[in-house]
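Below you'll find the structure, written out as structure tokens, and then a few comments.
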Amino acid sequence: MKYSEYDIVDFLMDEFFIQWIKNPNQNNCHFWEKWIRENPDKRAIVLKAASLIRSVKYREEPEIGNAAYVEIFENSIKSDNDNCEDTSAKEKSLPFFKFKNMVALILFGFCASMIYVQIFYEAGTVASSEINEEWITRAVPKGKKSIVTLSDGTRVFLNAESELTYPKNHSGEQRWAKLKGEAFFEVKKDPKRFRVLTKGSEIDVLGTSFNVKEEGQGLEIALVSGKVRVRNSQGNQVELAPLEMVKVDASGISEKRGFDLLAITGWKDRILVFQSDNLEQVVGKLEKWYGIDLVFSGKVSDHWNYSGTYHNENLENVLKGISLTSGLRYRIEENRVLLYNDNQ
Amino acid sequence: MKPTSKEASGRELPFSSFPHSEPIHHFHTKTDEEIWMALNAGSELAFNYLYRIHIGLMFRYGCQISTDKGLVKDCIQNVFIQLRKKRGDLTNVKNCKAYLFTCLKNEIRKKIRESNRVYVGVKEEEGFPISLSHEAILIQKEQECEKVQQVQEALNQLTTRQRQALLLLYVEGMSYQEIAQAMDFNEVKSARKLVYRALSSIRVLLKK
């Protein structure tokens with residue numbers, strides 16, 4: 001059967017169609033965008049099918065929790081020793097560090113919680129959105145940043161390890177973009193609502209500038225200009241004024257607090273900011289900013305922290321700066337950077 | 001210093017304090033078959049990677065079969081322990097997720113059979129409940145909310161296996177082949193038929 005003869009059940013059955021909705025990539029986008037243009041009479045049915053596929057969820061989405069995550073891993077590894085006579089000491093020295101870092105990373109993966117965030121610039125009705133238009137996806141790897149200008153004039157600064165999907169032309173009733181990671185939005189003022197879709201959350205605005213960052217299990221929203229209202233699934237809401245930020249996650253909305261403009265949004269102007277960051281934070285920022293792998297060996301005190309600001313500097317200069325004030329030393333190798341101290 | 005991406009050698013840095021960056025670099029671009037072979041050859045990185053990618057999904061999946069979270073956790077642990085024990089003799093696996101889901105389901109069923117205690121689990125017909133997401137409901141106009149509600153109710157009137165297949169298809173992103181594997185069908189077309197019957201039975205509602 002040809003796609004032009006498909007009814008809604010056929011679309012809902014079709015692996016290639018489902019793949020396009022769930023995991024759009026160049027190949028399937030290319031095909032389906034063309035197909036919809038050729039078959040405008042099928043548009044409504046395609047939208048219905050797409051909306052259903054997208055919205056089906058497990059009703060129960062329990063999370064494994066950090067304690068169980070670590071425990072099951074440890075027990076699985078330990079079980080080797082019960083049965084094998086030969087276990088090398090090499091692997092045993094690793095787990096503690098591995099767990100700590102893996103837990104931090106994994107948080108993203110397991111925040112299946114239903115968070116709902118809405119930011120209203122003004123009160124208004126929620127317009128129905130046309131989701132299937134021509135899509136473009138821009139992914140920014142570690143070590144890079146990017147600026148995207150959308151067809152309505154909205155500018156989006158994309159940080160490293162982030163991804164933005166948006167329609168080529170905002171022809172529908174609503175403007176939208178889908179974000180993974182971190183971005184700074186300068187939304188062009190327009191009577192049409194602009195919607196930012198993130199993992200489990202939505203942000204609606206008309207014209208304002210703000211920073212959105214996936215952080216742990218939640219979302220950090222920092223408002224630079226305009227006025228917004230943040231609302232989560234339980235109906236709690238709070239109004240933000242410029243230079244106020246909140247964190248929203250499954251448990252609710254945090255207290256409003258002020259923020260340092262440079263620390264939150266400096267990245268979009270290529271300013272790398274450390275603010276009393278501990279070693280792990282410093283290493284994480286460097287890896288993300290320069291797209292490198294950084295290895296630390298040695299020990300620092302629990303109170304170790306580092307503050308500094310670098311505007312458009314190269315890696316070596318930043319490392320120099322850090323080593324000057326912190327006493328740490330560094331060595332740049334072929335494909336990684338070593339950070340160490342002498343008194344180990 | 002130019003940031004070079006890590007080549008896909010099996011290199012391990014035994015004393016690295018930040019090993020989390022390693023497995024991701026290594027395995028993101030590899031096929032399931034390659035990862036499975038690395039696991040079989042004893043690679044700890046491959047084990048880490050499989051564990052990290054799948055444990056959350058396995059827990060969510062297991063909790064559809066049994067609401068006893070402790071039991072699900074025990075079963076997940078057994079699956080991974082067995083996996084480690086069998087390294088060196090593992091058969092080829094083309095899709096890690098479908099394989100791990102099958103192992104977990106079998107383990108949970110086995111535990112339920114073996115346990116003499118009064119078992120607190122899902123009744124078979126109540127497993128794999130579906131809900132339609134907030135997103136979908138909110139983008140609809142007021143008058144359409146009711147329709148979404150109807151579809152949701154209709155989905156939950158389907159058989160458990162029909163719901164399971166729909167969730168594997170739409171949420172887990174599995175192909176019919178993988179669904180057939182995860183649900184113990186010998187033929188791929190059986191998985192297809194199951195989905196077809198489910199959707200056909202609510203066709204009228206879907207078209208509205």
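Naming works like this for the structure tokens: A, B, ... for the chains as they're shown, residue 1 at the start of each chain, ligands 1 onward in shown order.
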So which residues touch segment 315-319 of chain A within 8 Å, counting only C-alpha atoms, skipping near sequence neighbours fewer than 2 positions away, as a ChimeraX atom specification? /A:290,310,313,321-323,330 /B:1
Atoms kept (C-alpha atoms) for selection, written as a CSV table (one decimal), in the first residue's frame:
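Contents of part_33.csv, as written:
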```csv
chain,number,residue,atom,x,y,z
A,290,TYR,CA,37.2,23.2,25.4
A,310,TYR,CA,38.2,34.6,31.2
A,313,GLU,CA,40.9,32.9,26.2
A,321,GLY,CA,45.6,31.3,35.4
A,322,ILE,CA,44.2,28.5,37.5
A,323,SER,CA,47.7,27.2,38.3
A,330,TYR,CA,49.0,21.1,34.4
B,1,MET,CA,46.5,22.2,21.8
```
Would you list the contacts of Gly127 of chain B as a list in words, taking every protein, DNA or RNA residue within 10 Å and counting only C-alpha atoms, but skipping same-chain residues closer than 4 positions in sequence?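 After dropping sequence-adjacent residues, the list is Glu60 of chain A; Cys63, Gln64, Ile65, Ser66, Thr67, Gly121, Val122, Lys123, Asn156, Thr159, Thr160, Arg161, Arg163 and Gln164 of chain B.
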Print the selection's residues with all heavy atoms to a file, as a JSON list (two decimals), in the first residue's frame.
```
[["chain", "number", "residue", "atom", "x", "y", "z"],
["A", 60, "GLU", "N", 2.89, 4.92, 35.09],
["A", 60, "GLU", "CA", 3.79, 4.82, 36.23],
["A", 60, "GLU", "C", 5.22, 4.93, 35.74],
["A", 60, "GLU", "O", 5.66, 4.13, 34.94],
["A", 60, "GLU", "CB", 3.61, 3.47, 36.94],
["A", 60, "GLU", "CG", 2.17, 3.08, 37.23],
["A", 60, "GLU", "CD", 1.50, 4.05, 38.18],
["A", 60, "GLU", "OE1", 2.23, 4.71, 38.95],
["A", 60, "GLU", "OE2", 0.26, 4.16, 38.15],
["B", 63, "CYS", "N", 8.74, -2.27, 36.63],
["B", 63, "CYS", "CA", 7.65, -1.80, 37.49],
["B", 63, "CYS", "C", 6.29, -1.87, 36.81],
["B", 63, "CYS", "O", 5.26, -1.70, 37.45],
["B", 63, "CYS", "CB", 7.92, -0.38, 37.98],
["B", 63, "CYS", "SG", 9.24, -0.32, 39.20],
["B", 64, "GLN", "N", 6.26, -2.11, 35.50],
["B", 64, "GLN", "CA", 4.99, -2.31, 34.81],
["B", 64, "GLN", "C", 4.52, -3.75, 35.02],
["B", 64, "GLN", "O", 3.35, -4.05, 34.93],
["B", 64, "GLN", "CB", 5.13, -2.07, 33.29],
["B", 64, "GLN", "CG", 5.83, -0.78, 32.90],
["B", 64, "GLN", "CD", 5.11, 0.45, 33.41],
["B", 64, "GLN", "OE1", 3.88, 0.54, 33.35],
["B", 64, "GLN", "NE2", 5.87, 1.40, 33.92],
["B", 65, "ILE", "N", 5.50, -4.64, 35.26],
["B", 65, "ILE", "CA", 5.17, -6.05, 35.43],
["B", 65, "ILE", "C", 4.85, -6.34, 36.89],
["B", 65, "ILE", "O", 3.98, -7.13, 37.20],
["B", 65, "ILE", "CB", 6.36, -6.94, 34.95],
["B", 65, "ILE", "CG1", 6.66, -6.60, 33.48],
["B", 65, "ILE", "CG2", 6.03, -8.42, 35.12],
["B", 65, "ILE", "CD1", 7.94, -7.22, 32.98],
["B", 66, "SER", "N", 5.59, -5.69, 37.78],
["B", 66, "SER", "CA", 5.34, -5.85, 39.21],
["B", 66, "SER", "C", 5.46, -4.50, 39.90],
["B", 66, "SER", "O", 6.40, -3.76, 39.65],
["B", 66, "SER", "CB", 6.35, -6.82, 39.82],
["B", 66, "SER", "OG", 6.38, -6.66, 41.22],
["B", 67, "THR", "N", 4.52, -4.20, 40.81],
["B", 67, "THR", "CA", 4.63, -2.92, 41.52],
["B", 67, "THR", "C", 5.53, -3.03, 42.74],
["B", 67, "THR", "O", 5.75, -2.05, 43.43],
["B", 67, "THR", "CB", 3.24, -2.44, 41.99],
["B", 67, "THR", "OG1", 2.59, -3.54, 42.61],
["B", 67, "THR", "CG2", 2.43, -1.91, 40.83],
["B", 121, "GLY", "N", 1.89, -7.67, 43.68],
["B", 121, "GLY", "CA", 2.29, -7.23, 42.35],
["B", 121, "GLY", "C", 1.11, -6.68, 41.60],
["B", 121, "GLY", "O", 0.04, -6.51, 42.15],
["B", 122, "VAL", "N", 1.33, -6.39, 40.33],
["B", 122, "VAL", "CA", 0.23, -5.93, 39.51],
["B", 122, "VAL", "C", -0.59, -7.15, 39.10],
["B", 122, "VAL", "O", -0.05, -8.19, 38.79],
["B", 122, "VAL", "CB", 0.73, -5.31, 38.19],
["B", 122, "VAL", "CG1", -0.30, -4.34, 37.65],
["B", 122, "VAL", "CG2", 2.06, -4.67, 38.37],
["B", 123, "LYS", "N", -1.90, -6.98, 39.09],
["B", 123, "LYS", "CA", -2.69, -8.02, 38.46],
["B", 123, "LYS", "C", -2.40, -7.96, 36.98],
["B", 123, "LYS", "O", -2.22, -6.88, 36.42],
["B", 123, "LYS", "CB", -4.18, -7.75, 38.70],
["B", 123, "LYS", "CG", -4.62, -8.13, 40.10],
["B", 123, "LYS", "CD", -6.14, -7.99, 40.20],
["B", 123, "LYS", "CE", -6.55, -7.63, 41.62],
["B", 123, "LYS", "NZ", -7.49, -6.50, 41.66],
["B", 156, "ASN", "N", -6.58, 2.20, 27.85],
["B", 156, "ASN", "CA", -6.47, 1.39, 29.05],
["B", 156, "ASN", "C", -7.51, 0.27, 29.11],
["B", 156, "ASN", "O", -7.49, -0.55, 30.02],
["B", 156, "ASN", "CB", -6.51, 2.28, 30.30],
["B", 156, "ASN", "CG", -5.19, 3.00, 30.48],
["B", 156, "ASN", "OD1", -4.11, 2.39, 30.36],
["B", 156, "ASN", "ND2", -5.23, 4.29, 30.71],
["B", 159, "THR", "N", -6.02, -4.93, 25.94],
["B", 159, "THR", "CA", -5.39, -5.97, 26.75],
["B", 159, "THR", "C", -4.01, -5.51, 27.19],
["B", 159, "THR", "O", -3.42, -4.61, 26.59],
["B", 159, "THR", "CB", -5.22, -7.29, 25.96],
["B", 159, "THR", "OG1", -4.23, -7.06, 24.95],
["B", 159, "THR", "CG2", -6.50, -7.73, 25.31],
["B", 160, "THR", "N", -3.50, -6.14, 28.24],
["B", 160, "THR", "CA", -2.20, -5.76, 28.77],
["B", 160, "THR", "C", -1.12, -5.89, 27.71],
["B", 160, "THR", "O", -0.26, -5.02, 27.56],
["B", 160, "THR", "CB", -1.83, -6.66, 29.96],
["B", 160, "THR", "OG1", -2.90, -6.62, 30.89],
["B", 160, "THR", "CG2", -0.56, -6.19, 30.64],
["B", 161, "ARG", "N", -1.17, -6.97, 26.95],
["B", 161, "ARG", "CA", -0.14, -7.18, 25.94],
["B", 161, "ARG", "C", -0.24, -6.15, 24.82],
["B", 161, "ARG", "O", 0.77, -5.75, 24.24],
["B", 161, "ARG", "CB", -0.19, -8.61, 25.40],
["B", 161, "ARG", "CG", 0.47, -9.60, 26.38],
["B", 161, "ARG", "CD", 0.38, -11.02, 25.93],
["B", 161, "ARG", "NE", 1.29, -11.41, 24.87],
["B", 161, "ARG", "CZ", 2.60, -11.61, 25.02],
["B", 161, "ARG", "NH1", 3.16, -11.40, 26.19],
["B", 161, "ARG", "NH2", 3.34, -12.01, 24.01],
["B", 163, "ARG", "N", -1.26, -3.04, 25.24],
["B", 163, "ARG", "CA", -0.67, -1.82, 25.81],
["B", 163, "ARG", "C", 0.85, -1.93, 25.85],
["B", 163, "ARG", "O", 1.57, -0.99, 25.53],
["B", 163, "ARG", "CB", -1.20, -1.58, 27.22],
["B", 163, "ARG", "CG", -2.56, -0.93, 27.29],
["B", 163, "ARG", "CD", -2.81, -0.36, 28.67],
["B", 163, "ARG", "NE", -2.77, -1.37, 29.72],
["B", 163, "ARG", "CZ", -3.82, -2.12, 30.07],
["B", 163, "ARG", "NH1", -4.96, -1.94, 29.46],
["B", 163, "ARG", "NH2", -3.71, -3.02, 31.02],
["B", 164, "GLN", "N", 1.32, -3.12, 26.25],
["B", 164, "GLN", "CA", 2.77, -3.34, 26.33],
["B", 164, "GLN", "C", 3.41, -3.08, 24.96],
["B", 164, "GLN", "O", 4.42, -2.39, 24.85],
["B", 164, "GLN", "CB", 3.03, -4.78, 26.78],
["B", 164, "GLN", "CG", 4.49, -5.12, 26.93],
["B", 164, "GLN", "CD", 4.70, -6.55, 27.41],
["B", 164, "GLN", "OE1", 3.75, -7.32, 27.53],
["B", 164, "GLN", "NE2", 5.95, -6.91, 27.68]]
```
Write out, as a tab-separated table, each residue of chain A that has an atom at most 6 Å from chain B, together with the closest pair of atoms and their distance in Å to one decimal, counting only C-alpha atoms, rows going by chain and rising number.
```
residue	atom	partner	partner_atom	distance
A:Ile53	CA	B:Tyr170	CA	5.8
A:Ser55	CA	B:Ser133	CA	4.9
A:Val56	CA	B:Leu132	CA	4.9
A:Lys57	CA	B:Ser131	CA	5.3
A:Tyr58	CA	B:Ile130	CA	4.9
A:Arg59	CA	B:Ser131	CA	4.8
A:Glu61	CA	B:Arg60	CA	5.8
A:Pro62	CA	B:Arg60	CA	5.9
A:Ile72	CA	B:Gln77	CA	5.5
A:Ser76	CA	B:Ile81	CA	4.9
A:Phe110	CA	B:Gly56	CA	5.9
A:Ser128	CA	B:Ile139	CA	5.0
A:Gly291	CA	B:Pro3	CA	5.8
A:Ile292	CA	B:Pro3	CA	5.4
A:Val295	CA	B:Ser16	CA	5.9
A:Asn335	CA	B:Thr4	CA	5.4
```
Atoms to include: N, CA, C and O atoms. Write the selected residues as a PDB file, in the first residue's frame.
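Once everything was written out, this is result.pdb:
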```
ATOM      1  N   ILE A  53       1.350   9.547  18.878  1.00  0.00           N
ATOM      2  CA  ILE A  53       2.622   8.846  19.083  1.00  0.00           C
ATOM      3  C   ILE A  53       3.467   9.572  20.121  1.00  0.00           C
ATOM      4  O   ILE A  53       4.046   8.977  21.012  1.00  0.00           O
ATOM      5  N   SER A  55       2.484  11.528  22.487  1.00  0.00           N
ATOM      6  CA  SER A  55       1.946  11.729  23.833  1.00  0.00           C
ATOM      7  C   SER A  55       1.768  10.443  24.640  1.00  0.00           C
ATOM      8  O   SER A  55       1.545  10.510  25.843  1.00  0.00           O
ATOM      9  N   VAL A  56       1.894   9.284  23.986  1.00  0.00           N
ATOM     10  CA  VAL A  56       1.761   8.037  24.750  1.00  0.00           C
ATOM     11  C   VAL A  56       2.908   7.923  25.750  1.00  0.00           C
ATOM     12  O   VAL A  56       4.067   8.088  25.401  1.00  0.00           O
ATOM     13  N   LYS A  57       2.554   7.698  27.017  1.00  0.00           N
ATOM     14  CA  LYS A  57       3.559   7.581  28.079  1.00  0.00           C
ATOM     15  C   LYS A  57       3.163   6.447  29.020  1.00  0.00           C
ATOM     16  O   LYS A  57       2.013   6.055  29.057  1.00  0.00           O
ATOM     17  N   TYR A  58       4.160   5.947  29.771  1.00  0.00           N
ATOM     18  CA  TYR A  58       3.813   5.069  30.881  1.00  0.00           C
ATOM     19  C   TYR A  58       3.072   5.896  31.911  1.00  0.00           C
ATOM     20  O   TYR A  58       3.449   7.038  32.171  1.00  0.00           O
ATOM     21  N   ARG A  59       2.030   5.329  32.530  1.00  0.00           N
ATOM     22  CA  ARG A  59       1.385   6.088  33.591  1.00  0.00           C
ATOM     23  C   ARG A  59       2.270   6.067  34.838  1.00  0.00           C
ATOM     24  O   ARG A  59       2.376   7.044  35.564  1.00  0.00           O
ATOM     25  N   GLU A  61       5.909   5.961  36.212  1.00  0.00           N
ATOM     26  CA  GLU A  61       7.293   6.124  35.787  1.00  0.00           C
ATOM     27  C   GLU A  61       8.212   6.257  36.996  1.00  0.00           C
ATOM     28  O   GLU A  61       8.794   7.311  37.236  1.00  0.00           O
ATOM     29  N   PRO A  62       8.350   5.196  37.774  1.00  0.00           N
ATOM     30  CA  PRO A  62       9.198   5.289  38.968  1.00  0.00           C
ATOM     31  C   PRO A  62      10.667   5.441  38.587  1.00  0.00           C
ATOM     32  O   PRO A  62      11.077   4.983  37.520  1.00  0.00           O
ATOM     33  N   ILE A  72      23.128  -1.647  43.360  1.00  0.00           N
ATOM     34  CA  ILE A  72      23.018  -2.744  42.391  1.00  0.00           C
ATOM     35  C   ILE A  72      24.318  -2.884  41.609  1.00  0.00           C
ATOM     36  O   ILE A  72      24.795  -3.993  41.353  1.00  0.00           O
ATOM     37  N   SER A  76      26.677  -6.167  41.779  1.00  0.00           N
ATOM     38  CA  SER A  76      26.969  -6.908  40.555  1.00  0.00           C
ATOM     39  C   SER A  76      28.459  -7.133  40.414  1.00  0.00           C
ATOM     40  O   SER A  76      28.916  -8.226  40.088  1.00  0.00           O
ATOM     41  N   PHE A 110      17.281   9.755  34.245  1.00  0.00           N
ATOM     42  CA  PHE A 110      16.203   9.184  35.038  1.00  0.00           C
ATOM     43  C   PHE A 110      15.177  10.191  35.513  1.00  0.00           C
ATOM     44  O   PHE A 110      14.363   9.901  36.355  1.00  0.00           O
ATOM     45  N   SER A 128      -3.338  26.091  19.697  1.00  0.00           N
ATOM     46  CA  SER A 128      -2.959  24.744  19.280  1.00  0.00           C
ATOM     47  C   SER A 128      -1.728  24.858  18.387  1.00  0.00           C
ATOM     48  O   SER A 128      -1.594  25.776  17.606  1.00  0.00           O
ATOM     49  N   GLY A 291      36.102  21.081  25.023  1.00  0.00           N
ATOM     50  CA  GLY A 291      35.930  19.785  24.363  1.00  0.00           C
ATOM     51  C   GLY A 291      37.103  18.854  24.584  1.00  0.00           C
ATOM     52  O   GLY A 291      37.548  18.153  23.683  1.00  0.00           O
ATOM     53  N   ILE A 292      37.655  18.882  25.787  1.00  0.00           N
ATOM     54  CA  ILE A 292      38.830  18.057  26.082  1.00  0.00           C
ATOM     55  C   ILE A 292      38.494  17.018  27.148  1.00  0.00           C
ATOM     56  O   ILE A 292      37.439  17.092  27.769  1.00  0.00           O
ATOM     57  N   VAL A 295      42.231  14.971  33.165  1.00  0.00           N
ATOM     58  CA  VAL A 295      42.465  13.980  34.210  1.00  0.00           C
ATOM     59  C   VAL A 295      43.148  14.655  35.384  1.00  0.00           C
ATOM     60  O   VAL A 295      44.152  15.345  35.205  1.00  0.00           O
ATOM     61  N   ASN A 335      45.932  14.085  23.566  1.00  0.00           N
ATOM     62  CA  ASN A 335      44.475  14.095  23.521  1.00  0.00           C
ATOM     63  C   ASN A 335      43.843  14.256  24.893  1.00  0.00           C
ATOM     64  O   ASN A 335      42.711  13.900  25.117  1.00  0.00           O
TER      65      ASN A 335
END
```
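In this structure, atom CA of Ala139 of chain A sits 11.8 Å away from atom CA of Phe157 of chain A.
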Residues near Ser276 of chain A, cut-off 9 Å, only C-alpha atoms, skip fewer than 4 positions along chain, as a VMD selection string: chain A and resid 304 to 308
Quick one: write out the picked residues with C-alpha atoms as a PDB file, in the first residue's frame?
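And here's part-v4.pdb as it stands now:
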```
ATOM      1  CA  TRP A 304      39.553  24.104  47.688  1.00  0.00           C
ATOM      2  CA  ASN A 305      37.760  26.433  45.358  1.00  0.00           C
ATOM      3  CA  TYR A 306      38.539  28.656  42.441  1.00  0.00           C
ATOM      4  CA  SER A 307      37.166  31.928  41.092  1.00  0.00           C
ATOM      5  CA  GLY A 308      38.163  33.606  37.862  1.00  0.00           C
TER       6      GLY A 308
END
```
